[in-house]
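Beneath this line is the structure, given in structure tokens, with notes to follow.
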Amino acid sequence: MRVLGVDPGLTRCGVGVVDGVAGRPLRMVAVGVIRTPAEQDTPERLVLIERGIDAWLDEHRPEAVAVERVFSQHNVRTVMGTAQASAVAMLCAARRGLPVALHTPSEVKAAVTGTGRADKTQVGAMVTRLLRLPAPPKPADAADALALAICHIWRGAAQQRLARATAAAAPGARRSAPVRVAKGTIEP
């Protein structure tokens, strides 16, 4: 599976593409940062982020997009810019019919480092190790984008199985007929 991870931000939007499946070595395809000038008005900055994400989607053709879930922070201005950049990433993916997954920072840290309280240095070190890179990606937004992609590859398959099982168990879900075999019936 090829996943584009997006660490949303208005000034620096981290992007990273990882190939892999759970239980096998992962491979970094590309990593970078989409930058916008702080002195520019927000609508123009969002257009720059949209163009940047569209270019990454066109070039790397991911099968899914993993975006960091925006959480409440003390600085409302910062959280608004992050939420707007996040929405742009989701919009770009939705236009292409790509599945979008939102992962909290704690989920990503736990998936990559084993603890939801890891700091940026620990996340960067584990991303470097997991992807067999010579050095941690810089800036931290780039490493975080790769961590999002890794988290999605490792957690995404399990989440999809859980969603299918939940849907199948829901009231009114279609039940298939038993399968007949030579010596009896096996219930699905």
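Here, A, B, ... name the chains of the structure tokens in the order displayed, residue numbers run from 1 inside each chain, and ligands are numbered from 1 in the same displayed order.
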
Next item on the list: Find the residues near range 83-91 of chain A: any atom within 10 Å, counting only C-alpha atoms, skip ones fewer than 6 places away on the same chain, and give them as number ranges by chain.
Entry: A: 5-13, 42-43, 45-47, 49-54, 65-72, 77, 97-102

Emit the selected residues as a compact mmCIF listing (two decimals), in the first residue's frame, including N, CA, C and O atoms.
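Result file follows (selection.txt):
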```
# COMPACT_ATOMS: atom_id res chain seq x y z
N GLY A 5 1.26 10.74 3.80
CA GLY A 5 1.02 11.30 5.13
C GLY A 5 1.10 12.81 5.04
O GLY A 5 1.97 13.34 4.35
N VAL A 6 0.18 13.50 5.71
CA VAL A 6 0.15 14.96 5.70
C VAL A 6 0.12 15.47 7.13
O VAL A 6 -0.81 15.17 7.88
N ASP A 7 1.17 16.21 7.50
CA ASP A 7 1.23 16.88 8.80
C ASP A 7 0.83 18.33 8.53
O ASP A 7 1.65 19.13 8.10
N PRO A 8 -0.47 18.66 8.71
CA PRO A 8 -0.96 19.96 8.26
C PRO A 8 -0.40 21.15 9.04
O PRO A 8 -0.19 21.07 10.25
N GLY A 9 -0.17 22.20 8.31
CA GLY A 9 0.28 23.45 8.90
C GLY A 9 0.16 24.53 7.85
O GLY A 9 0.28 24.25 6.65
N LEU A 10 -0.07 25.74 8.27
CA LEU A 10 -0.25 26.84 7.33
C LEU A 10 1.09 27.35 6.80
O LEU A 10 1.21 27.69 5.64
N THR A 11 2.11 27.36 7.64
CA THR A 11 3.43 27.82 7.21
C THR A 11 4.25 26.67 6.63
O THR A 11 4.88 26.81 5.59
N ARG A 12 4.24 25.53 7.33
CA ARG A 12 4.94 24.32 6.87
C ARG A 12 3.97 23.15 6.94
O ARG A 12 3.53 22.77 8.03
N CYS A 13 3.68 22.57 5.80
CA CYS A 13 2.80 21.41 5.72
C CYS A 13 3.68 20.23 5.31
O CYS A 13 4.15 20.16 4.18
N THR A 42 -4.32 34.35 4.25
CA THR A 42 -4.67 32.94 4.42
C THR A 42 -5.26 32.29 3.17
O THR A 42 -4.85 31.19 2.80
N PRO A 43 -6.22 32.91 2.47
CA PRO A 43 -6.76 32.24 1.28
C PRO A 43 -5.69 31.90 0.24
O PRO A 43 -5.70 30.81 -0.34
N ARG A 45 -2.52 31.40 0.85
CA ARG A 45 -1.69 30.34 1.41
C ARG A 45 -2.37 28.97 1.25
O ARG A 45 -1.71 27.98 0.95
N LEU A 46 -3.68 28.94 1.43
CA LEU A 46 -4.40 27.68 1.27
C LEU A 46 -4.36 27.20 -0.18
O LEU A 46 -4.27 26.00 -0.45
N VAL A 47 -4.40 28.14 -1.13
CA VAL A 47 -4.26 27.77 -2.54
C VAL A 47 -2.89 27.16 -2.80
O VAL A 47 -2.77 26.16 -3.52
N ILE A 49 -1.05 25.54 -0.64
CA ILE A 49 -1.06 24.20 -0.05
C ILE A 49 -1.83 23.24 -0.95
O ILE A 49 -1.39 22.11 -1.19
N GLU A 50 -2.96 23.68 -1.46
CA GLU A 50 -3.74 22.83 -2.37
C GLU A 50 -2.91 22.43 -3.59
O GLU A 50 -2.86 21.25 -3.96
N ARG A 51 -2.25 23.38 -4.20
CA ARG A 51 -1.43 23.08 -5.38
C ARG A 51 -0.30 22.11 -5.03
O ARG A 51 0.01 21.21 -5.80
N GLY A 52 0.30 22.33 -3.87
CA GLY A 52 1.38 21.44 -3.44
C GLY A 52 0.90 20.02 -3.21
O GLY A 52 1.52 19.05 -3.67
N ILE A 53 -0.21 19.86 -2.51
CA ILE A 53 -0.74 18.51 -2.25
C ILE A 53 -1.19 17.86 -3.54
O ILE A 53 -0.94 16.67 -3.77
N ASP A 54 -1.85 18.62 -4.41
CA ASP A 54 -2.25 18.07 -5.71
C ASP A 54 -1.03 17.56 -6.48
O ASP A 54 -1.08 16.49 -7.10
N VAL A 65 -4.68 8.53 1.98
CA VAL A 65 -4.07 9.73 2.56
C VAL A 65 -4.34 9.72 4.06
O VAL A 65 -5.48 9.53 4.49
N ALA A 66 -3.28 9.89 4.84
CA ALA A 66 -3.38 9.94 6.30
C ALA A 66 -3.05 11.36 6.75
O ALA A 66 -1.99 11.89 6.41
N VAL A 67 -3.97 11.97 7.47
CA VAL A 67 -3.83 13.36 7.90
C VAL A 67 -3.87 13.39 9.43
O VAL A 67 -4.67 12.67 10.04
N GLU A 68 -3.02 14.24 10.02
CA GLU A 68 -3.07 14.37 11.47
C GLU A 68 -4.37 15.03 11.87
O GLU A 68 -4.76 16.07 11.33
N ARG A 69 -5.04 14.41 12.84
CA ARG A 69 -6.30 14.96 13.36
C ARG A 69 -5.98 16.19 14.18
O ARG A 69 -5.13 16.15 15.06
N VAL A 70 -6.65 17.27 13.89
CA VAL A 70 -6.42 18.53 14.60
C VAL A 70 -7.05 18.42 15.98
O VAL A 70 -8.18 17.97 16.12
N PHE A 71 -6.31 18.81 16.98
CA PHE A 71 -6.82 18.79 18.34
C PHE A 71 -6.76 20.19 18.92
O PHE A 71 -6.03 21.04 18.43
N SER A 72 -7.53 20.42 19.95
CA SER A 72 -7.61 21.76 20.55
C SER A 72 -6.28 22.15 21.18
O SER A 72 -5.67 21.37 21.90
N ARG A 77 -5.45 30.78 16.98
CA ARG A 77 -4.97 31.14 15.64
C ARG A 77 -4.18 29.99 15.02
O ARG A 77 -4.36 29.68 13.84
N GLY A 97 -11.18 10.55 -4.98
CA GLY A 97 -11.82 9.33 -4.49
C GLY A 97 -10.91 8.50 -3.60
O GLY A 97 -11.14 7.31 -3.42
N LEU A 98 -9.88 9.13 -3.03
CA LEU A 98 -8.95 8.41 -2.16
C LEU A 98 -9.49 8.35 -0.74
O LEU A 98 -10.02 9.35 -0.23
N PRO A 99 -9.33 7.22 -0.07
CA PRO A 99 -9.73 7.17 1.34
C PRO A 99 -8.84 8.07 2.18
O PRO A 99 -7.63 8.15 1.94
N VAL A 100 -9.44 8.74 3.14
CA VAL A 100 -8.73 9.63 4.05
C VAL A 100 -8.89 9.10 5.46
O VAL A 100 -10.00 8.78 5.89
N ALA A 101 -7.77 8.99 6.17
CA ALA A 101 -7.79 8.57 7.57
C ALA A 101 -7.21 9.69 8.42
O ALA A 101 -6.22 10.31 8.03
N LEU A 102 -7.86 9.95 9.54
CA LEU A 102 -7.36 10.94 10.49
C LEU A 102 -6.79 10.21 11.69
O LEU A 102 -7.46 9.34 12.27
```

Check: Please, which residues of range 39-187 of chain A, numbered as in this document, come out helix (DSSP H, G or I) from DSSP, as a PyMOL selection string?
Finding: chain A and resi 42-60+76-95+105-113+120-130+140-169

Note to self: List the spatial neighbours of range 125-131 of chain A as a count of residues only - criterion: any atom at most 9 Å away, only C-alpha atoms, same-chain residues fewer than 3 positions off excluded.
What the structure shows: 19

Margin query: Could you go through chain A and tell me which residues DSSP, when run on the backbone, assigns to strand (DSSP E or B), listing them as a PyMOL selection string?
Written below: chain A and resi 2-7+12-19+27-35+64-68+100-103+179-181+184-186
